[in-house]
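A.B. asks: Coordinates in start.csv, CSV, C-alpha atoms, are listed below.
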```csv
chain,number,residue,atom,x,y,z
A,154,MET,CA,-14.6,-41.4,51.5
A,155,LYS,CA,-17.9,-40.5,53.0
A,156,ASN,CA,-20.6,-39.4,50.6
A,157,ILE,CA,-21.2,-35.7,51.0
A,158,ASN,CA,-24.9,-36.1,50.6
A,159,ASN,CA,-25.0,-38.1,53.9
A,160,LYS,CA,-23.5,-35.2,55.8
A,161,GLN,CA,-25.5,-32.6,57.5
A,162,LYS,CA,-25.8,-29.7,55.1
A,163,ASN,CA,-24.7,-26.3,56.3
A,164,ILE,CA,-27.3,-23.6,55.9
A,165,ASP,CA,-26.7,-21.4,52.9
A,166,PRO,CA,-26.9,-17.8,54.0
A,167,ILE,CA,-27.5,-16.5,50.5
A,168,ALA,CA,-30.3,-19.0,49.9
A,169,GLY,CA,-31.8,-17.9,53.2
A,170,ALA,CA,-31.6,-14.3,52.4
A,171,ARG,CA,-33.4,-14.7,49.1
A,172,SER,CA,-36.7,-14.9,51.0
A,173,GLY,CA,-36.0,-11.6,52.7
A,174,LYS,CA,-38.2,-8.7,51.7
A,175,TYR,CA,-35.4,-6.4,50.4
A,176,PHE,CA,-33.2,-9.1,48.7
A,177,GLU,CA,-34.9,-9.0,45.3
A,178,GLN,CA,-34.7,-5.2,45.1
A,179,TYR,CA,-31.1,-5.1,46.3
A,180,SER,CA,-30.2,-7.9,43.9
A,181,LYS,CA,-31.7,-6.0,40.9
A,182,GLU,CA,-29.9,-2.8,41.9
A,183,ALA,CA,-26.6,-4.7,42.2
A,184,LYS,CA,-27.0,-6.3,38.8
A,185,GLU,CA,-27.6,-2.8,37.3
A,186,ARG,CA,-24.5,-1.4,39.0
A,187,ILE,CA,-22.5,-4.3,37.7
A,188,LYS,CA,-23.6,-3.6,34.1
A,189,LEU,CA,-22.7,0.0,34.4
A,190,GLY,CA,-19.3,-0.8,36.0
A,191,VAL,CA,-18.4,-3.4,33.3
A,192,GLU,CA,-19.4,-0.9,30.6
A,193,ILE,CA,-17.3,1.9,32.1
A,194,TYR,CA,-14.3,-0.5,32.5
A,195,ASN,CA,-14.6,-1.8,28.9
A,196,ALA,CA,-14.9,1.7,27.5
A,197,ARG,CA,-11.9,2.8,29.6
A,198,GLU,CA,-9.9,-0.2,28.3
A,199,VAL,CA,-10.7,0.6,24.7
A,200,LEU,CA,-9.5,4.2,25.2
A,201,ASP,CA,-6.5,2.8,27.1
A,202,ILE,CA,-6.7,5.3,29.9
A,203,SER,CA,-6.1,4.7,33.6
A,204,GLN,CA,-8.6,5.1,36.4
A,205,GLN,CA,-6.5,8.0,37.6
A,206,GLU,CA,-6.8,9.7,34.2
A,207,LEU,CA,-10.6,9.1,34.0
A,208,ALA,CA,-11.0,10.4,37.5
A,209,LYS,CA,-9.1,13.6,36.7
A,210,GLN,CA,-11.0,14.3,33.6
A,211,ALA,CA,-14.4,13.5,35.2
A,212,LYS,CA,-13.4,15.6,38.2
A,213,THR,CA,-13.6,12.8,40.8
A,214,THR,CA,-11.1,10.5,42.5
A,215,GLN,CA,-9.5,7.2,41.4
A,216,LYS,CA,-11.2,5.5,44.4
A,217,VAL,CA,-14.6,6.6,43.2
A,218,VAL,CA,-13.9,5.3,39.7
A,219,SER,CA,-12.7,2.0,41.1
A,220,ARG,CA,-15.8,1.6,43.3
A,221,VAL,CA,-18.1,2.5,40.3
A,222,GLU,CA,-16.4,0.0,38.1
A,223,ASN,CA,-16.7,-2.7,40.8
A,224,GLY,CA,-20.4,-2.0,41.0
A,225,ASP,CA,-20.1,-1.0,44.6
A,226,VAL,CA,-21.8,2.4,44.6
A,227,ASN,CA,-24.7,4.2,43.0
A,228,VAL,CA,-23.5,7.0,40.7
A,229,GLY,CA,-25.1,10.4,40.6
A,230,PHE,CA,-26.4,11.7,37.3
A,231,ALA,CA,-23.8,14.5,37.1
A,232,LEU,CA,-20.8,12.2,37.7
A,233,LEU,CA,-22.2,9.6,35.3
A,234,ASN,CA,-22.7,12.3,32.6
A,235,ARG,CA,-19.1,13.5,33.1
A,236,MET,CA,-17.7,9.9,32.9
A,237,ALA,CA,-19.8,9.1,29.9
A,238,SER,CA,-18.6,12.2,28.2
A,239,VAL,CA,-14.9,11.4,28.8
A,240,LEU,CA,-15.5,7.8,27.6
A,241,SER,CA,-17.5,9.0,24.6
A,242,PHE,CA,-20.4,6.7,25.4
A,243,ASN,CA,-22.6,5.9,22.4
A,244,CYS,CA,-26.0,4.2,21.9
A,245,GLU,CA,-24.5,0.8,22.2
A,246,ASN,CA,-23.0,1.6,25.6
A,247,TRP,CA,-26.3,3.0,26.9
A,248,SER,CA,-28.2,0.1,25.5
A,249,ASN,CA,-25.9,-2.4,27.3
A,250,ILE,CA,-26.4,-0.5,30.6
A,251,LEU,CA,-30.1,0.1,30.4
A,252,GLY,CA,-31.0,-3.1,28.6
A,253,PHE,CA,-32.8,-1.8,25.6
A,254,SER,CA,-32.1,-2.7,22.0
A,255,VAL,CA,-31.0,0.0,19.5
A,256,PRO,CA,-33.4,0.1,16.5
A,257,ALA,CA,-31.7,0.3,13.1
A,258,VAL,CA,-32.3,3.9,12.2
A,259,ARG,CA,-31.4,5.2,8.8
A,260,VAL,CA,-31.6,8.7,7.5
A,261,ILE,CA,-31.9,9.0,3.8
A,262,ILE,CA,-31.2,12.2,2.0
A,263,ALA,CA,-31.6,11.0,-1.5
A,264,SER,CA,-33.8,8.4,-3.0
A,265,GLY,CA,-34.4,7.4,-6.5
A,266,LYS,CA,-34.3,4.5,-8.9
A,267,THR,CA,-31.4,3.4,-11.1
A,268,GLU,CA,-31.7,2.3,-14.7
A,269,ASN,CA,-32.2,-1.3,-13.5
A,270,ASN,CA,-35.2,-0.2,-11.5
A,271,GLN,CA,-33.3,-0.7,-8.3
A,272,GLU,CA,-33.6,1.7,-5.4
A,273,ASN,CA,-30.7,4.0,-5.1
A,274,LYS,CA,-30.4,5.6,-1.7
A,275,THR,CA,-27.6,7.7,-0.2
A,276,GLU,CA,-27.2,6.9,3.4
A,277,ILE,CA,-25.7,9.5,5.7
A,278,PHE,CA,-26.4,7.9,9.0
A,279,SER,CA,-26.9,4.4,10.3
A,280,SER,CA,-27.3,3.8,14.1
A,281,THR,CA,-25.9,0.4,13.7
A,282,THR,CA,-22.6,1.5,12.3
A,283,SER,CA,-22.2,5.0,13.6
A,284,SER,CA,-21.2,6.0,17.1
A,285,ALA,CA,-23.1,9.2,16.9
A,286,TYR,CA,-25.7,10.0,19.6
A,287,ILE,CA,-29.5,9.6,18.9
A,288,TYR,CA,-31.8,11.3,21.3
B,227,MET,CA,-21.7,-24.2,34.5
B,228,GLU,CA,-22.6,-24.9,38.1
B,229,THR,CA,-21.5,-22.9,41.2
B,230,VAL,CA,-20.7,-24.9,44.3
B,231,TYR,CA,-19.3,-24.3,47.8
B,232,PHE,CA,-16.1,-26.2,48.6
B,233,TYR,CA,-16.7,-28.5,51.6
B,234,ASP,CA,-13.8,-28.8,54.0
B,235,LYS,CA,-13.9,-32.3,55.6
B,236,ASP,CA,-11.7,-31.3,58.5
B,237,SER,CA,-13.9,-28.5,59.8
B,238,LYS,CA,-17.0,-30.3,58.4
B,239,SER,CA,-18.2,-27.0,56.9
B,240,CYS,CA,-18.0,-24.9,53.7
B,241,PRO,CA,-15.6,-22.0,54.4
B,242,VAL,CA,-17.5,-19.5,52.3
B,243,LYS,CA,-20.9,-20.5,53.9
B,244,LYS,CA,-19.3,-20.3,57.3
B,245,TYR,CA,-18.0,-16.8,56.6
B,246,LEU,CA,-21.3,-15.6,55.1
B,247,LYS,CA,-23.3,-16.9,58.1
B,248,GLN,CA,-22.6,-13.7,60.0
B,249,TYR,CA,-24.9,-11.9,57.5
B,250,SER,CA,-27.8,-14.3,58.1
B,251,ILE,CA,-30.7,-12.4,59.5
B,252,ASN,CA,-31.9,-13.4,62.9
B,253,ASN,CA,-35.0,-12.3,64.8
B,254,LYS,CA,-33.1,-9.9,67.0
B,255,ASP,CA,-31.8,-7.8,64.1
B,256,LYS,CA,-33.3,-4.3,63.8
B,257,GLU,CA,-34.5,-3.1,60.4
B,258,PRO,CA,-31.4,-1.2,59.4
B,259,VAL,CA,-29.1,-4.1,60.3
B,260,ALA,CA,-31.4,-6.6,58.5
B,261,ARG,CA,-31.3,-4.4,55.4
B,262,ARG,CA,-27.5,-4.0,55.5
B,263,LYS,CA,-27.0,-7.8,55.8
B,264,GLN,CA,-29.4,-8.5,52.9
B,265,LYS,CA,-27.7,-5.8,50.8
B,266,ILE,CA,-24.3,-7.4,51.3
B,267,LEU,CA,-25.6,-10.9,50.5
B,268,ALA,CA,-27.5,-9.6,47.4
B,269,ASP,CA,-24.3,-7.8,46.2
B,270,ILE,CA,-22.2,-10.9,46.6
B,271,ASP,CA,-24.9,-13.0,45.0
B,272,ALA,CA,-25.1,-10.7,42.0
B,273,LYS,CA,-21.3,-10.8,41.5
B,274,ILE,CA,-21.3,-14.6,41.7
B,275,GLN,CA,-24.1,-14.7,39.2
B,276,HIS,CA,-22.1,-12.4,36.9
B,277,VAL,CA,-19.1,-14.8,37.2
B,278,GLN,CA,-21.4,-17.7,36.4
B,279,ASP,CA,-22.8,-15.9,33.4
B,280,ASN,CA,-19.3,-15.6,32.1
B,281,GLN,CA,-18.6,-19.3,32.6
B,282,GLY,CA,-16.3,-18.6,35.6
B,283,ARG,CA,-13.8,-16.7,33.6
B,284,PRO,CA,-12.1,-13.9,35.5
B,285,THR,CA,-13.9,-10.8,34.0
B,286,PRO,CA,-12.5,-7.6,35.4
B,287,PRO,CA,-13.6,-5.5,37.1
B,288,ILE,CA,-15.9,-8.0,38.9
B,289,SER,CA,-13.5,-10.9,39.2
B,290,LYS,CA,-9.8,-11.0,38.7
B,291,PRO,CA,-6.9,-13.5,38.9
B,292,LEU,CA,-5.2,-13.4,42.2
B,293,HIS,CA,-1.6,-12.5,41.7
B,294,GLY,CA,0.7,-15.4,42.7
B,295,TYR,CA,-2.1,-17.9,43.2
B,296,SER,CA,-4.1,-20.2,41.0
B,297,CYS,CA,-7.5,-18.9,42.0
B,298,PHE,CA,-9.6,-15.9,41.2
B,299,GLU,CA,-11.1,-13.2,43.5
B,300,ILE,CA,-14.4,-11.4,43.8
B,301,LEU,CA,-14.3,-8.3,46.0
B,302,ASN,CA,-17.2,-6.7,47.8
B,303,PRO,CA,-17.0,-3.9,50.2
B,304,LYS,CA,-18.1,-4.5,53.8
B,305,ASP,CA,-17.6,-0.9,55.0
B,306,ALA,CA,-15.4,2.1,54.1
B,307,LYS,CA,-12.2,0.4,55.3
B,308,THR,CA,-12.9,-3.3,54.9
B,309,VAL,CA,-13.4,-5.5,51.8
B,310,ILE,CA,-14.7,-9.1,51.6
B,311,ARG,CA,-12.5,-11.3,49.4
B,312,ILE,CA,-14.1,-14.4,48.0
B,313,LEU,CA,-11.7,-16.9,46.3
B,314,TYR,CA,-12.9,-19.3,43.6
B,315,PHE,CA,-11.6,-21.4,40.8
B,316,ARG,CA,-13.0,-23.3,37.8
B,317,TYR,CA,-12.8,-27.0,37.8
B,318,GLN,CA,-14.3,-28.9,35.0
B,319,GLU,CA,-17.9,-27.6,34.7
B,320,LYS,CA,-17.9,-26.1,38.2
B,321,ILE,CA,-17.2,-22.7,39.7
B,322,VAL,CA,-15.9,-23.7,43.2
B,323,LEU,CA,-16.2,-21.1,45.9
B,324,LEU,CA,-13.2,-21.9,48.1
B,325,HIS,CA,-12.7,-19.3,50.8
B,326,ALA,CA,-13.9,-15.9,52.0
B,327,PHE,CA,-12.4,-13.5,54.4
B,328,GLU,CA,-12.1,-9.8,55.3
B,329,LYS,CA,-9.2,-7.6,54.5
B,330,PRO,CA,-8.4,-4.0,54.8
B,331,SER,CA,-9.0,-2.0,51.6
B,332,VAL,CA,-5.6,-0.5,52.1
B,333,TYR,CA,-2.8,-2.3,53.8
B,334,LYS,CA,-1.0,-0.2,56.4
B,335,THR,CA,1.1,-2.7,58.2
B,336,ASP,CA,3.2,-5.8,57.4
B,337,ARG,CA,1.0,-7.6,59.9
B,338,GLU,CA,-2.1,-6.9,57.7
B,339,LYS,CA,-0.3,-8.0,54.6
B,340,LYS,CA,0.9,-11.3,56.3
B,341,MET,CA,-2.7,-12.0,57.5
B,342,VAL,CA,-4.0,-11.6,53.9
B,343,ASP,CA,-1.2,-13.8,52.5
B,344,ARG,CA,-2.1,-16.4,55.1
B,345,GLN,CA,-5.7,-16.4,54.1
B,346,ASN,CA,-4.8,-16.5,50.4
B,347,LYS,CA,-2.7,-19.6,51.1
B,348,ILE,CA,-5.6,-21.2,52.9
B,349,GLY,CA,-7.7,-20.7,49.7
B,350,GLU,CA,-4.9,-22.3,47.7
B,351,GLU,CA,-4.8,-25.3,50.0
B,352,TYR,CA,-8.6,-25.7,49.6
B,353,LEU,CA,-8.1,-25.6,45.9
B,354,ASN,CA,-5.5,-28.5,46.0
B,355,ILE,CA,-7.7,-30.5,48.4
B,356,PHE,CA,-10.7,-30.1,46.0
B,357,LYS,CA,-8.6,-31.2,43.1
B,358,LEU,CA,-7.8,-34.4,45.0
B,359,ASN,CA,-11.4,-35.1,45.7
B,360,SER,CA,-13.9,-33.2,43.6
B,361,LYS,CA,-16.9,-34.6,45.4
B,362,ASN,CA,-16.2,-32.3,48.4
B,363,TYR,CA,-18.8,-29.7,47.6
B,364,GLU,CA,-22.3,-28.4,48.4
B,365,LYS,CA,-24.5,-26.8,45.9
B,366,TYR,CA,-24.8,-23.0,45.8
```
Take the structure from the file and write it as structure tokens.

C.D. replies:
Amino acid sequence: MKNINNKQKNIDPIAGARSGKYFEQYSKEAKERIKLGVEIYNAREVLDISQQELAKQAKTTQKVVSRVENGDVNVGFALLNRMASVLSFNCENWSNILGFSVPAVRVIIASGKTENNQENKTEIFSSTTSSAYIY
Amino acid sequence: METVYFYDKDSKSCPVKKYLKQYSINNKDKEPVARRKQKILADIDAKIQHVQDNQGRPTPPISKPLHGYSCFEILNPKDAKTVIRILYFRYQEKIVLLHAFEKPSVYKTDREKKMVDRQNKIGEEYLNIFKLNSKNYEKY
């Protein structure tokens, strides 16, 4: 068995392309499309709906949904908004796509102290547990 | 987890590298062609990186098990009617890129289906060859 290291290495086209002036930009865009596609796919799986159903409700075609999930196309804002609405996207979904962390937001409607001098708060909303939107 | 290209001793080349060579930019390429080639390679690279980030596990929608075969597939569009299929599998701590070919996005004839089956079988053969000698690779 010959040692592979002694053989003439074939040129790696991807390694060669990395030095191209557009590669970094295209690579970044592709990674963002993949994040969006994975999030849409996961949300659709949770709701247990088919690409066909999502397409119908978001007023597009199954082929488009498939291509979005595969990270092959850029999605316009209107279509993204419709798909997100059908899939009930929450803060967590958007944070996964856009890469920001969701701060722990709490809204307190009542605050006081108990007999033991401990704080007594009534929490009506927590961004970390609720799926409600925060904008 | 490391990504590697399978090296075929018979053809003295890596099948995936050999396929992707057509997207290497040469000096004669005009700007739109060079951009298109870089975009295809960047898209494929991003998908391979995603697979690597997931330890080579098939993570739909980006990579899926190939029905009837032991390997997984990564799909990337070439144009409206053609898709690039890259076959890979996990072996020990490696993601091995076995084979790449083009296929129609929708099969219209038996001939097209047979051609795709033939290519899938070639990928499966590469997988078995690699298992026999896991030193047949080049780094990604």

A.B. asks: Which residue, A:Asn227, A:Asn163, A:Asn243, A:Ser180, has the smallest gap to B:Asp271 when you use only C-alpha atoms?

C.D. replies: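 Of the candidates, the smallest distance to B:Asp271 is held by A:Ser180.
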
A.B. asks: Could you please tell me, as a list in words, which residues of chain B have an atom within 6 Å of chain A when using all atoms listed in the file?

C.D. replies: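 So the contacting residues turn out to be Lys243, Lys247, Ser250, Gln264, Lys265, Leu267, Ala268, Asp269, Ala272, Pro287 and Ile288 of chain B.
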
A.B. asks: Calculate how many Å separate atom CA of A:Ser241 from atom CA of A:Ala196, rounding to one decimal.

C.D. replies: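 Distance between the two atoms: 8.3 Å.
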
A.B. asks: Looking at A:Cys244, A:Met236, A:Val255, A:Ile250, which one is nearest to A:Ala208, with distances taken over only C-alpha atoms?

C.D. replies: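 Closest residue, counting only C-alpha atoms: A:Met236.
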
A.B. asks: Nearest to A:Arg197 among B:Pro291, B:Pro286, B:Pro241, B:Pro258, with distances taken over only C-alpha atoms: which residue is it?

C.D. replies: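 Closest to A:Arg197, using only C-alpha atoms: B:Pro286.
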
A.B. asks: Please, what distance in Å, to one decimal, runs between atom CA of A:Ala231 and atom CA of A:Ser203?

C.D. replies: 20.5 Å

A.B. asks: Neighbouring residues of B:Ala326 were defined as those with any atom within 6 Å, considering only C-alpha atoms; residues of the same chain fewer than 2 positions away were excluded. Please report them as a list in words.

C.D. replies: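 Non-adjacent residues within range: Val242, Arg311 and Ile312 of chain B.
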
A.B. asks: Which residue gives the smallest distance to B:Asn346 among B:His276, B:Lys307, B:His293, B:Lys365, with all atoms listed in the file counted?

C.D. replies: B:His293

A.B. asks: Using all atoms listed in the file, which protein or nucleic acid residues come within 8 Å of B:Leu353? Drop anything in the same chain fewer than 4 positions from it, and give the result as a PyMOL selection string.

C.D. replies: chain B and resi 297+315+324+349+357

A.B. asks: A:Gln205: which residues within 10 Å, counting only C-alpha atoms, same-chain residues fewer than 3 positions away excluded, as a ChimeraX atom specification?

C.D. replies: /A:202,208-211,213-219

A.B. asks: Give me the residues within 8 Å of B:Ile300 as a list of chain:residue names, counting only C-alpha atoms and dropping any in the same chain fewer than 2 places off.

C.D. replies: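 Contacts, with the query itself left out: B:Lys273, B:Ile274, B:Ile288, B:Ser289, B:Lys290, B:Phe298, B:Asn302, B:Arg311, B:Ile312, B:Leu313.
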
A.B. asks: Do you have the atom CA of B:Arg261-atom CA of B:Cys240 distance handy?

C.D. replies: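 Computed distance, atom CA of B:Arg261 to atom CA of B:Cys240, equals 24.5 Å.
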
A.B. asks: Within 6 Å of (-16.2, -21.1, 45.9), in the coordinates the file gives, what residues turn up when you count all atoms listed in the file, written out as a PyMOL selection string?

C.D. replies: chain B and resi 231-232+314+322-324
